[in-house]
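J.: My structure is below; once you've seen it, I'll send some questions.
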Amino acid sequence: MLKRIIPLCIASAMTMATPVNAEEDKYIWLEDVEGAKPLAWVKQQNAVSTTHIKAYSGFDNLVSNSLEILNDKARIPYATRIGDYLYNFWKDEIHERGIYRRTTLAEYAKAEPNWETVLDIDALGKAEGVNWVFKGIECQYPQNERCFVSLSRGGADAAEVREFNLTAKAFVDSTQKPFVLAEAKSRLSWIDKDTVFVGTDFGDAQSMTDSGYPSVVKLWKRGTPLSAAKLVFRGDKASVAVSGYVMFDDKTPLNIVTESLTFYTAKHYVYQDSKLVSLPIPKDADLKGYFKGQLYIELKSDLVTPKGTFKQGAIVYTPVDKLIAQKPEFSELVSPTKHASISQVAFSQNAIFVTWLDDVKSKLVRYMQNDKGEWQSKPVPFEANGTLSVFDVERDSDDFFVNYTSFLEPASLYRLNGASLKADKIKAMPQQFSADKFVTKQYFVTSKDGTKVPYFVVMAKDIKLDSSNPTLLYGYGGFEVSRLPAYSATIGKNWLEQGGVYVLANIRGGGEYGPAWHQAALKQHRHKAYEDFEAIAEDLIARKITSSKHLGIQGGSNGGLLMGAAFTRRPELYNAVVCQVPLLDMKRYNKLLVGASWMGEYGNPDIAEEWEYIKTYSPYHNLKQGVKYPKVFFTTSTRDDRVHPAHARKMVAKMEDMGIDVLYYENIEGGHAGAADNTQAAELSSMVYAYLMQQLR
């Protein structure tokens, strides 16, 4: 869920949460993640649920479909350029944990590139006897030789960090005094080859925030012990996180220290000449880039300046030297409209590329300044009915990759020439299901307060509007995350081709219409997201696409909270609920793992006035005896150290004690993603679709 530039995780969070009086919560024992009694309960639940779900006659076929899709050699090997090579992380039936590999651009353009293995995670895990999951790599720019590799045990957010030599394709040996961090939710960022910013668990209570992220930034020199690292900044323990990192204007570095006060507010500093200089920018603004001496920020609320007022959602900029001198001179790059918001901003060597969402459909525009300093815009010619994703934009080139997809169009990968705007298709996924039999429609429904809310429906062209179609409604609605049209062969094969209808909700709380769309469902307004979701469900029924008997819903993480709220608020509206890695106990969520970091989204349940509105939708507290609920399928992961598995565990235990029929499956590995490899992902995905078929047909 974390959106700002903050570290991912905390040292081995697989411990019991903050104790409470057992009389307050009789299921508190399930918060002991790896305790013998809770794990025995988990295994018993898993056995019952898997037996029930796998009894579906088509289960093996669903698994076969999923594995074939996940291991398909024809899928696009998305790559990122580091120096002279393109790098890709790849999993298949042979490399279950994956290999990090590289090739040249010329080779990459071929149908079957010749790849060179850089790091084999399966081989590493076998050699060390550890169930490693690759969590990413960060290399020192612009040299791109020394890198930090993050490795997680079983997929948790907490990771061990090791220094890796990209040229030698090997971890840096002890004779070269490498940077190494033990398992923790850390942040390491290169300043130069021998100096890094570091934030981690230093072994004292003050080094981590209440949210479980680093509260300090230190300067660490190669060859010195971590304990000798020099303190740069110490944040408030009640803040979400503190991090140090480097932004680049081409090859010119700008050292930044950020204290994330809440999930949506932060203080930013420039670190130069061994001193910190506070930057006078709005606390709720996001840093977007450093380009031609200017710092670019995205406004989350209106900004009033002597030059005028800049609108919420706009991208504005000011010279860095003016900012450091506490005399910012803001100008506007782009500003949103009623129907169009800014989805992505990318900085190449000579231009800025903005991805817009126009009623949840993407368009890409290039912005360049002329000799007079005036911005000239030019759209990049792509179809306007799908989703564009820009990536591999580097500061030493104007060329980069653009991915295009829609619900019924497999992904196509283009290499875009940033100067001519000519896009060459270099990779394309083949159709993996009978997409020509289906059609996508976008509808708008009026929510309870009069707001028009969009949603997409993917259904058979010859659908009969007789209210009998098994329909899956997917939602998220939080953290300014936009849910966009995207091709999913698994949904195609295992749902659409099985006679199902797929619906994607674009409810408030997300980012589909910019910051205002998100903020409309924050804290005491959370119910707006739930009302939007219910309005879509009712509209599907009114259009006779489906009925309550045939309507299922699905969501994970914050979307899992949405699912919990949905079936406890309106149990009669749905007949199937897939609730994945969810938040459910909103009284204690801020005491479980990194939950405290999300109080900017939901509020603080320890404040009486805020608990008054949180308790109105907290699923764990809104179960009622004697109410007929749909048979919910909960899934989570033991190794999820972001959203505590106790949310799902406790909810299920409480429902069972109330005599409510429920299904539960907890993957022992997988972290917040729910699965650690393709085999686990295929199994879990197939259980979801088998359950939906059992419930909705």
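The way I read the labels, and the way they are meant: chains A, B, ... in the order of the structure tokens, residue 1 as the first residue of every chain, and ligand 1 as the first ligand shown, with later ones counted on from there.
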Would you list the contacts of Lys437 of chain A as a PyMOL selection string, taking every protein, DNA or RNA residue within 12 Å and counting only C-alpha atoms, but skipping same-chain residues closer than 5 positions in sequence?
T.: chain A and resi 408+458-463+492+496-497+499
J.: Please save all heavy atoms of the selected residues as a compact mmCIF listing (two decimals), in the first residue's frame.
T.:
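For reference, result14.txt as written:
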```txt
# COMPACT_ATOMS: atom_id res chain seq x y z
N LEU A 408 -9.33 -6.67 -23.71
CA LEU A 408 -9.40 -7.70 -24.74
C LEU A 408 -8.22 -7.69 -25.70
O LEU A 408 -8.19 -8.47 -26.65
CB LEU A 408 -10.71 -7.55 -25.52
CG LEU A 408 -11.99 -7.67 -24.68
CD1 LEU A 408 -13.23 -7.40 -25.51
CD2 LEU A 408 -12.08 -9.05 -24.01
N VAL A 458 -16.84 -6.41 -19.02
CA VAL A 458 -16.36 -7.27 -20.10
C VAL A 458 -17.30 -8.47 -20.14
O VAL A 458 -17.42 -9.21 -19.15
CB VAL A 458 -14.91 -7.73 -19.87
CG1 VAL A 458 -14.40 -8.47 -21.11
CG2 VAL A 458 -14.01 -6.54 -19.55
N MET A 459 -17.98 -8.65 -21.29
CA MET A 459 -18.99 -9.69 -21.37
C MET A 459 -19.08 -10.25 -22.79
O MET A 459 -18.54 -9.66 -23.74
CB MET A 459 -20.35 -9.13 -20.95
CG MET A 459 -20.75 -7.87 -21.69
SD MET A 459 -22.20 -7.06 -20.94
CE MET A 459 -22.19 -5.49 -21.79
N ALA A 460 -19.75 -11.37 -22.93
CA ALA A 460 -19.92 -11.98 -24.24
C ALA A 460 -20.73 -11.07 -25.16
O ALA A 460 -21.66 -10.38 -24.71
CB ALA A 460 -20.61 -13.34 -24.09
N LYS A 461 -20.38 -11.05 -26.43
CA LYS A 461 -21.12 -10.23 -27.40
C LYS A 461 -22.58 -10.67 -27.50
O LYS A 461 -23.47 -9.84 -27.73
CB LYS A 461 -20.45 -10.32 -28.77
CG LYS A 461 -19.11 -9.62 -28.86
CD LYS A 461 -18.48 -9.79 -30.24
CE LYS A 461 -17.15 -9.05 -30.33
NZ LYS A 461 -16.49 -9.25 -31.65
N ASP A 462 -22.82 -11.96 -27.32
CA ASP A 462 -24.18 -12.48 -27.44
C ASP A 462 -24.84 -12.70 -26.07
O ASP A 462 -25.71 -13.55 -25.93
CB ASP A 462 -24.19 -13.78 -28.25
CG ASP A 462 -23.34 -14.87 -27.59
OD1 ASP A 462 -22.68 -14.58 -26.57
OD2 ASP A 462 -23.35 -16.02 -28.10
N ILE A 463 -24.42 -11.95 -25.10
CA ILE A 463 -24.95 -12.12 -23.75
C ILE A 463 -26.46 -11.94 -23.71
O ILE A 463 -27.03 -11.09 -24.41
CB ILE A 463 -24.28 -11.11 -22.77
CG1 ILE A 463 -24.67 -11.42 -21.33
CG2 ILE A 463 -24.62 -9.67 -23.13
CD1 ILE A 463 -23.91 -10.60 -20.30
N GLY A 492 -9.60 -14.28 -18.64
CA GLY A 492 -10.19 -14.70 -19.92
C GLY A 492 -10.48 -16.18 -19.97
O GLY A 492 -11.61 -16.60 -20.31
N LEU A 496 -14.15 -15.61 -18.09
CA LEU A 496 -14.97 -15.21 -19.24
C LEU A 496 -15.36 -16.42 -20.10
O LEU A 496 -16.53 -16.58 -20.47
CB LEU A 496 -14.23 -14.18 -20.09
CG LEU A 496 -13.95 -12.82 -19.43
CD1 LEU A 496 -13.09 -11.95 -20.34
CD2 LEU A 496 -15.24 -12.10 -19.07
N GLU A 497 -14.40 -17.28 -20.42
CA GLU A 497 -14.70 -18.44 -21.26
C GLU A 497 -15.54 -19.49 -20.53
O GLU A 497 -16.10 -20.39 -21.16
CB GLU A 497 -13.41 -19.07 -21.78
CG GLU A 497 -12.75 -18.26 -22.88
CD GLU A 497 -11.61 -19.00 -23.56
OE1 GLU A 497 -11.29 -20.13 -23.13
OE2 GLU A 497 -11.03 -18.47 -24.52
N GLY A 499 -18.17 -18.63 -19.00
CA GLY A 499 -19.52 -18.06 -18.98
C GLY A 499 -19.68 -16.88 -18.04
O GLY A 499 -20.80 -16.40 -17.84
```
J.: For Glu259 of chain A, find every residue with an atom within 7 Å (counting only C-alpha atoms), except residues of its own chain fewer than 2 positions away, and show them as a list in words.
T.: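 Here the qualifying residues turn out to be Gly235, Ala241, Val242, Ser243, Val257, Leu261, Ala266, Lys267 and His268 of chain A.
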J.: Give me the residues within 7 Å of segment 425-430 of chain A as a list in words, counting only C-alpha atoms and dropping any in the same chain fewer than 2 places off.
T.: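 My list of contacting residues is Ala74, Arg75, Ile76, Ala109, Pro410, Ala411, Ser412, Leu413, Tyr414, Arg415, Ala423 and Gln432 of chain A.
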J.: Write the residues of the selection above to a file with C-alpha atoms, as an mmCIF file, in the first residue's frame.
T.:
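File produced: selection30.cif:
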```
data_model
loop_
_atom_site.group_PDB
_atom_site.id
_atom_site.type_symbol
_atom_site.label_atom_id
_atom_site.label_comp_id
_atom_site.auth_asym_id
_atom_site.auth_seq_id
_atom_site.Cartn_x
_atom_site.Cartn_y
_atom_site.Cartn_z
ATOM 1 C CA ALA A 74 5.541 -16.042 -25.334
ATOM 2 C CA ARG A 75 4.789 -13.589 -22.548
ATOM 3 C CA ILE A 76 6.634 -10.276 -22.801
ATOM 4 C CA ALA A 109 14.253 -6.794 -30.433
ATOM 5 C CA PRO A 410 -2.904 -8.518 -25.110
ATOM 6 C CA ALA A 411 -0.029 -6.282 -24.144
ATOM 7 C CA SER A 412 2.069 -4.750 -26.893
ATOM 8 C CA LEU A 413 5.473 -3.290 -26.102
ATOM 9 C CA TYR A 414 6.755 -0.323 -28.090
ATOM 10 C CA ARG A 415 10.133 1.355 -28.213
ATOM 11 C CA ALA A 423 6.741 4.038 -31.817
ATOM 12 C CA GLN A 432 -4.485 -16.426 -24.952
#
```
J.: With only C-alpha atoms as the counted atoms, please give the residues lying no more than 9 Å from Leu30 of chain A, apart from itself and same-chain residues fewer than 4 positions off, as a ChimeraX atom specification.
T.: /A:16,35,37-39,41,645-647,649-650,653
J.: With N, CA, C and O atoms retained, write the just-selected residues as an mmCIF file, in the first residue's frame.
T.:
```
data_model
loop_
_atom_site.group_PDB
_atom_site.id
_atom_site.type_symbol
_atom_site.label_atom_id
_atom_site.label_comp_id
_atom_site.auth_asym_id
_atom_site.auth_seq_id
_atom_site.Cartn_x
_atom_site.Cartn_y
_atom_site.Cartn_z
ATOM 1 N N MET A 16 4.139 -11.657 17.621
ATOM 2 C CA MET A 16 2.809 -11.316 18.131
ATOM 3 C C MET A 16 2.669 -9.811 18.221
ATOM 4 O O MET A 16 3.608 -9.102 18.539
ATOM 5 N N GLY A 35 2.841 -19.070 15.845
ATOM 6 C CA GLY A 35 2.620 -19.891 17.038
ATOM 7 C C GLY A 35 2.054 -21.253 16.662
ATOM 8 O O GLY A 35 1.344 -21.407 15.666
ATOM 9 N N LYS A 37 -0.285 -23.145 18.066
ATOM 10 C CA LYS A 37 -1.749 -23.249 18.095
ATOM 11 C C LYS A 37 -2.397 -22.550 16.890
ATOM 12 O O LYS A 37 -3.251 -23.148 16.223
ATOM 13 N N PRO A 38 -2.016 -21.291 16.583
ATOM 14 C CA PRO A 38 -2.598 -20.649 15.397
ATOM 15 C C PRO A 38 -2.289 -21.399 14.105
ATOM 16 O O PRO A 38 -3.172 -21.525 13.239
ATOM 17 N N LEU A 39 -1.058 -21.917 13.946
ATOM 18 C CA LEU A 39 -0.718 -22.621 12.710
ATOM 19 C C LEU A 39 -1.485 -23.939 12.592
ATOM 20 O O LEU A 39 -1.842 -24.352 11.484
ATOM 21 N N TRP A 41 -4.490 -24.304 13.705
ATOM 22 C CA TRP A 41 -5.816 -23.823 13.268
ATOM 23 C C TRP A 41 -5.807 -23.540 11.769
ATOM 24 O O TRP A 41 -6.746 -23.901 11.051
ATOM 25 N N PRO A 645 -1.904 -11.318 8.841
ATOM 26 C CA PRO A 645 -2.853 -12.396 8.540
ATOM 27 C C PRO A 645 -3.932 -12.569 9.613
ATOM 28 O O PRO A 645 -4.959 -13.197 9.352
ATOM 29 N N ALA A 646 -3.704 -11.995 10.797
ATOM 30 C CA ALA A 646 -4.709 -12.121 11.859
ATOM 31 C C ALA A 646 -6.028 -11.465 11.485
ATOM 32 O O ALA A 646 -7.080 -11.845 12.011
ATOM 33 N N HIS A 647 -6.004 -10.466 10.594
ATOM 34 C CA HIS A 647 -7.266 -9.851 10.167
ATOM 35 C C HIS A 647 -8.210 -10.931 9.632
ATOM 36 O O HIS A 647 -9.375 -11.025 10.048
ATOM 37 N N ARG A 649 -7.747 -14.290 9.825
ATOM 38 C CA ARG A 649 -7.895 -15.387 10.792
ATOM 39 C C ARG A 649 -8.998 -15.099 11.806
ATOM 40 O O ARG A 649 -9.883 -15.922 12.057
ATOM 41 N N LYS A 650 -8.938 -13.921 12.417
ATOM 42 C CA LYS A 650 -9.885 -13.579 13.476
ATOM 43 C C LYS A 650 -11.303 -13.448 12.933
ATOM 44 O O LYS A 650 -12.273 -13.844 13.591
ATOM 45 N N ALA A 653 -12.623 -16.988 12.416
ATOM 46 C CA ALA A 653 -12.919 -17.639 13.698
ATOM 47 C C ALA A 653 -14.200 -17.085 14.318
ATOM 48 O O ALA A 653 -15.033 -17.837 14.844
#
```
J.: Leaving out Lys251 of chain A and any residue of its chain fewer than 6 positions from it, which residues lie within 9 Å of it when counting only C-alpha atoms, given as a PyMOL selection string?
T.: chain A and resi 141-142+395-396
J.: With the cut-off set at 7 Å and counting only C-alpha atoms, tabulate each residue of segment 410-479 of chain A with an atom at most that distance from an atom of segment 514-529 of chain A, showing the nearest atom pair and its distance in Å to one decimal, ordered by chain and increasing number, as CSV.
T.:
```
residue,atom,partner,partner_atom,distance
A:Gly477,CA,A:Ala529,CA,6.2
A:Gly478,CA,A:His518,CA,6.8
A:Phe479,CA,A:His518,CA,6.9
```
J.: Those same residues, written as a compact mmCIF listing (two decimals), in the first residue's frame with N, CA and C atoms?
T.:
```txt
# COMPACT_ATOMS: atom_id res chain seq x y z
N GLY A 477 -10.48 0.98 -4.47
CA GLY A 477 -10.99 2.20 -3.87
C GLY A 477 -10.21 2.74 -2.70
N GLY A 478 -8.90 2.95 -2.88
CA GLY A 478 -8.12 3.52 -1.80
C GLY A 478 -6.74 3.95 -2.23
N PHE A 479 -6.08 4.76 -1.39
CA PHE A 479 -4.67 5.12 -1.54
C PHE A 479 -4.34 5.78 -2.87
```
J.: May I have a table of the residues of segment 396-462 of chain A lying at most 12 Å from segment 539-543 of chain A, giving each one's closest pair of atoms and their distance in Å to one decimal, counting only C-alpha atoms, ordered by chain and ascending residue number, as CSV?
T.:
```
residue,atom,partner,partner_atom,distance
A:Gln442,CA,A:Leu540,CA,11.9
A:Tyr443,CA,A:Asp539,CA,9.3
A:Phe444,CA,A:Asp539,CA,9.2
A:Val445,CA,A:Asp539,CA,6.9
A:Thr446,CA,A:Asp539,CA,9.1
A:Ser447,CA,A:Asp539,CA,10.0
A:Val453,CA,A:Asp539,CA,11.0
A:Pro454,CA,A:Asp539,CA,11.2
A:Tyr455,CA,A:Leu540,CA,10.2
A:Phe456,CA,A:Leu540,CA,10.7
A:Val457,CA,A:Leu540,CA,9.2
A:Met459,CA,A:Leu540,CA,12.0
```
J.: For Pro619 of chain A, which residue among A:Pro605, A:Pro582, A:Pro336, A:Gly552 is the nearest when counting only C-alpha atoms?
T.: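 Of A:Pro605, A:Pro582, A:Pro336, A:Gly552, the one nearest Pro619 of chain A is A:Pro582, counting only C-alpha atoms.
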J.: Tell me, which residues of segment 123-198 of chain A carry DSSP strand (DSSP E), written as a PyMOL selection string?
T.: chain A and resi 132-139+146-153+159-165+170-171+180-184+187-192+195-198
J.: Out of A:Arg639, A:Lys91, A:Arg102, A:Lys493, which residue has the shortest atom-to-atom distance to Phe134 of chain A when counting only C-alpha atoms?
T.: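 Using only C-alpha atoms, the shortest distance to Phe134 of chain A belongs to A:Lys91.
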J.: At a cut-off of 12 Å, can you tabulate as JSON lines every residue of segment 55-170 of chain A near segment 181-203 of chain A together with its closest atom pair and the distance in Å to one decimal, using only C-alpha atoms and ordering rows by chain then number?
T.:
```
{"residue": "A:Trp132", "atom": "CA", "partner": "A:Glu183", "partner_atom": "CA", "distance": 11.8}
{"residue": "A:Lys135", "atom": "CA", "partner": "A:Lys185", "partner_atom": "CA", "distance": 11.7}
{"residue": "A:Ile137", "atom": "CA", "partner": "A:Leu188", "partner_atom": "CA", "distance": 10.8}
{"residue": "A:Glu138", "atom": "CA", "partner": "A:Ser189", "partner_atom": "CA", "distance": 7.9}
{"residue": "A:Cys139", "atom": "CA", "partner": "A:Trp190", "partner_atom": "CA", "distance": 7.7}
{"residue": "A:Gln140", "atom": "CA", "partner": "A:Trp190", "partner_atom": "CA", "distance": 5.6}
{"residue": "A:Tyr141", "atom": "CA", "partner": "A:Trp190", "partner_atom": "CA", "distance": 7.9}
{"residue": "A:Pro142", "atom": "CA", "partner": "A:Asp192", "partner_atom": "CA", "distance": 9.6}
{"residue": "A:Gln143", "atom": "CA", "partner": "A:Lys193", "partner_atom": "CA", "distance": 8.6}
{"residue": "A:Asn144", "atom": "CA", "partner": "A:Lys193", "partner_atom": "CA", "distance": 9.8}
{"residue": "A:Glu145", "atom": "CA", "partner": "A:Lys193", "partner_atom": "CA", "distance": 9.1}
{"residue": "A:Arg146", "atom": "CA", "partner": "A:Lys193", "partner_atom": "CA", "distance": 7.2}
{"residue": "A:Cys147", "atom": "CA", "partner": "A:Trp190", "partner_atom": "CA", "distance": 8.6}
{"residue": "A:Phe148", "atom": "CA", "partner": "A:Leu188", "partner_atom": "CA", "distance": 7.8}
{"residue": "A:Val149", "atom": "CA", "partner": "A:Leu188", "partner_atom": "CA", "distance": 10.3}
{"residue": "A:Ser150", "atom": "CA", "partner": "A:Glu183", "partner_atom": "CA", "distance": 9.3}
{"residue": "A:Leu151", "atom": "CA", "partner": "A:Glu183", "partner_atom": "CA", "distance": 8.5}
{"residue": "A:Ser152", "atom": "CA", "partner": "A:Glu183", "partner_atom": "CA", "distance": 7.7}
{"residue": "A:Arg153", "atom": "CA", "partner": "A:Glu183", "partner_atom": "CA", "distance": 8.7}
{"residue": "A:Ala156", "atom": "CA", "partner": "A:Lys185", "partner_atom": "CA", "distance": 9.8}
{"residue": "A:Asp157", "atom": "CA", "partner": "A:Lys185", "partner_atom": "CA", "distance": 6.9}
{"residue": "A:Ala158", "atom": "CA", "partner": "A:Lys185", "partner_atom": "CA", "distance": 4.8}
{"residue": "A:Ala159", "atom": "CA", "partner": "A:Glu183", "partner_atom": "CA", "distance": 4.8}
{"residue": "A:Glu160", "atom": "CA", "partner": "A:Glu183", "partner_atom": "CA", "distance": 4.1}
{"residue": "A:Val161", "atom": "CA", "partner": "A:Leu181", "partner_atom": "CA", "distance": 5.0}
{"residue": "A:Arg162", "atom": "CA", "partner": "A:Leu181", "partner_atom": "CA", "distance": 6.6}
{"residue": "A:Glu163", "atom": "CA", "partner": "A:Leu181", "partner_atom": "CA", "distance": 9.2}
{"residue": "A:Phe164", "atom": "CA", "partner": "A:Lys193", "partner_atom": "CA", "distance": 12.0}
{"residue": "A:Asn165", "atom": "CA", "partner": "A:Lys193", "partner_atom": "CA", "distance": 11.4}
```
J.: For Lys237 of chain A, please output as JSON, numbers by chain all residues within 12 Å (counting only C-alpha atoms; exclusion window: fewer than 3 positions along the same chain).
T.: {"A": [205, 206, 207, 208, 209, 210, 211, 212, 213, 214, 215, 216, 234, 240, 241, 242, 259, 260, 261, 262, 596, 597]}
J.: Write out as a ChimeraX atom specification all residues of segment 291-448 of chain A that DSSP puts in alpha helix (DSSP H) for this structure's backbone.
T.: /A:320-324
J.: Let me see the file: selected residues, all heavy atoms, as an mmCIF file, in the first residue's frame.
T.:
```
data_model
loop_
_atom_site.group_PDB
_atom_site.id
_atom_site.type_symbol
_atom_site.label_atom_id
_atom_site.label_comp_id
_atom_site.auth_asym_id
_atom_site.auth_seq_id
_atom_site.Cartn_x
_atom_site.Cartn_y
_atom_site.Cartn_z
ATOM 1 N N VAL A 320 15.632 24.838 -8.324
ATOM 2 C CA VAL A 320 16.091 24.268 -7.064
ATOM 3 C C VAL A 320 16.844 25.297 -6.227
ATOM 4 O O VAL A 320 16.671 25.364 -5.006
ATOM 5 C CB VAL A 320 16.973 23.024 -7.330
ATOM 6 C CG1 VAL A 320 17.733 22.628 -6.062
ATOM 7 C CG2 VAL A 320 16.111 21.860 -7.774
ATOM 8 N N ASP A 321 17.671 26.124 -6.866
ATOM 9 C CA ASP A 321 18.440 27.103 -6.084
ATOM 10 C C ASP A 321 17.518 28.107 -5.397
ATOM 11 O O ASP A 321 17.776 28.537 -4.269
ATOM 12 C CB ASP A 321 19.484 27.808 -6.960
ATOM 13 C CG ASP A 321 18.890 28.500 -8.172
ATOM 14 O OD1 ASP A 321 17.673 28.354 -8.424
ATOM 15 O OD2 ASP A 321 19.649 29.187 -8.882
ATOM 16 N N LYS A 322 16.413 28.475 -6.051
ATOM 17 C CA LYS A 322 15.436 29.374 -5.426
ATOM 18 C C LYS A 322 14.747 28.682 -4.252
ATOM 19 O O LYS A 322 14.455 29.300 -3.221
ATOM 20 C CB LYS A 322 14.385 29.808 -6.446
ATOM 21 C CG LYS A 322 14.936 30.583 -7.631
ATOM 22 C CD LYS A 322 15.311 31.994 -7.238
ATOM 23 C CE LYS A 322 15.696 32.814 -8.462
ATOM 24 N NZ LYS A 322 16.117 34.190 -8.093
ATOM 25 N N LEU A 323 14.494 27.396 -4.421
ATOM 26 C CA LEU A 323 13.833 26.626 -3.372
ATOM 27 C C LEU A 323 14.735 26.511 -2.148
ATOM 28 O O LEU A 323 14.290 26.712 -1.009
ATOM 29 C CB LEU A 323 13.480 25.236 -3.911
ATOM 30 C CG LEU A 323 12.425 24.413 -3.176
ATOM 31 C CD1 LEU A 323 11.092 25.133 -3.136
ATOM 32 C CD2 LEU A 323 12.280 23.048 -3.835
ATOM 33 N N ILE A 324 15.995 26.215 -2.377
ATOM 34 C CA ILE A 324 16.944 26.094 -1.280
ATOM 35 C C ILE A 324 17.117 27.434 -0.559
ATOM 36 O O ILE A 324 17.286 27.487 0.662
ATOM 37 C CB ILE A 324 18.296 25.556 -1.797
ATOM 38 C CG1 ILE A 324 18.122 24.100 -2.263
ATOM 39 C CG2 ILE A 324 19.376 25.653 -0.728
ATOM 40 C CD1 ILE A 324 19.342 23.524 -2.932
#
```
J.: Please provide as a compact mmCIF listing (two decimals) with N, CA and C atoms, in the first residue's frame all residues within 12 Å of Glu409 of chain A, with the sequence filter that same-chain residues fewer than 6 positions apart are discarded (counting only C-alpha atoms).
T.:
```txt
# COMPACT_ATOMS: atom_id res chain seq x y z
N GLU A 383 -3.72 4.33 -29.51
CA GLU A 383 -5.17 4.20 -29.39
C GLU A 383 -5.62 4.70 -28.02
N ASN A 385 -8.32 3.78 -26.21
CA ASN A 385 -9.30 2.96 -25.51
C ASN A 385 -8.70 1.97 -24.53
N GLY A 386 -7.41 2.09 -24.30
CA GLY A 386 -6.76 1.15 -23.40
C GLY A 386 -5.93 1.85 -22.35
N THR A 387 -4.92 1.13 -21.86
CA THR A 387 -4.06 1.64 -20.81
C THR A 387 -2.62 1.69 -21.29
N ASN A 403 4.05 0.46 -22.87
CA ASN A 403 3.22 -0.74 -22.95
C ASN A 403 1.77 -0.34 -23.16
N ALA A 428 4.89 -8.40 -28.65
CA ALA A 428 3.43 -8.44 -28.54
C ALA A 428 3.02 -9.81 -28.03
N MET A 429 2.15 -9.82 -27.07
CA MET A 429 1.62 -11.08 -26.56
C MET A 429 0.58 -11.63 -27.53
N PRO A 430 0.57 -12.93 -27.74
CA PRO A 430 -0.49 -13.51 -28.56
C PRO A 430 -1.79 -13.57 -27.75
N GLN A 431 -2.90 -13.68 -28.44
CA GLN A 431 -4.16 -13.89 -27.74
C GLN A 431 -4.10 -15.22 -27.00
N GLN A 432 -4.52 -15.21 -25.75
CA GLN A 432 -4.48 -16.43 -24.95
C GLN A 432 -5.88 -16.91 -24.56
N PHE A 433 -6.89 -16.20 -25.02
CA PHE A 433 -8.26 -16.68 -24.89
C PHE A 433 -9.06 -16.08 -26.05
N SER A 434 -10.30 -16.52 -26.20
CA SER A 434 -11.11 -16.12 -27.36
C SER A 434 -11.69 -14.73 -27.17
N ALA A 435 -10.82 -13.72 -27.21
CA ALA A 435 -11.25 -12.35 -26.93
C ALA A 435 -12.25 -11.81 -27.94
N ASP A 436 -12.22 -12.36 -29.16
CA ASP A 436 -13.14 -11.87 -30.20
C ASP A 436 -14.60 -12.17 -29.87
N PHE A 438 -15.93 -11.43 -27.03
CA PHE A 438 -16.34 -10.56 -25.92
C PHE A 438 -16.28 -9.09 -26.32
N VAL A 439 -16.92 -8.27 -25.52
CA VAL A 439 -16.96 -6.84 -25.76
C VAL A 439 -16.78 -6.11 -24.42
N THR A 440 -16.19 -4.92 -24.49
CA THR A 440 -16.02 -4.09 -23.29
C THR A 440 -16.93 -2.88 -23.37
N PRO A 485 -8.07 -0.54 -17.27
CA PRO A 485 -8.27 -1.68 -18.17
C PRO A 485 -6.95 -2.39 -18.45
N ALA A 486 -6.94 -3.70 -18.32
CA ALA A 486 -5.73 -4.48 -18.58
C ALA A 486 -6.12 -5.89 -18.99
N TYR A 487 -5.33 -6.46 -19.84
CA TYR A 487 -5.55 -7.81 -20.34
C TYR A 487 -5.13 -8.83 -19.29
N SER A 488 -5.99 -9.77 -19.01
CA SER A 488 -5.65 -10.87 -18.10
C SER A 488 -6.10 -12.17 -18.75
N ALA A 489 -5.13 -12.97 -19.19
CA ALA A 489 -5.46 -14.25 -19.82
C ALA A 489 -6.11 -15.19 -18.81
N GLY A 492 -9.60 -14.28 -18.64
CA GLY A 492 -10.19 -14.70 -19.92
C GLY A 492 -10.48 -16.18 -19.97
```
J.: For each of A:Val390, A:Ala351, A:Ile668, A:Ala170, take the minimum atom-to-atom distance to Lys363 of chain A, counting only C-alpha atoms, then give the residue where this is smallest.
T.: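 Smallest separation from Lys363 of chain A among the options: A:Val390.
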J.: I'd like to know which of A:Thr638, A:Thr167, A:Gln694, A:Thr80 is closest to Glu394 of chain A, using only C-alpha atoms.
T.: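 Selected residue with least distance to Glu394 of chain A: A:Thr80.
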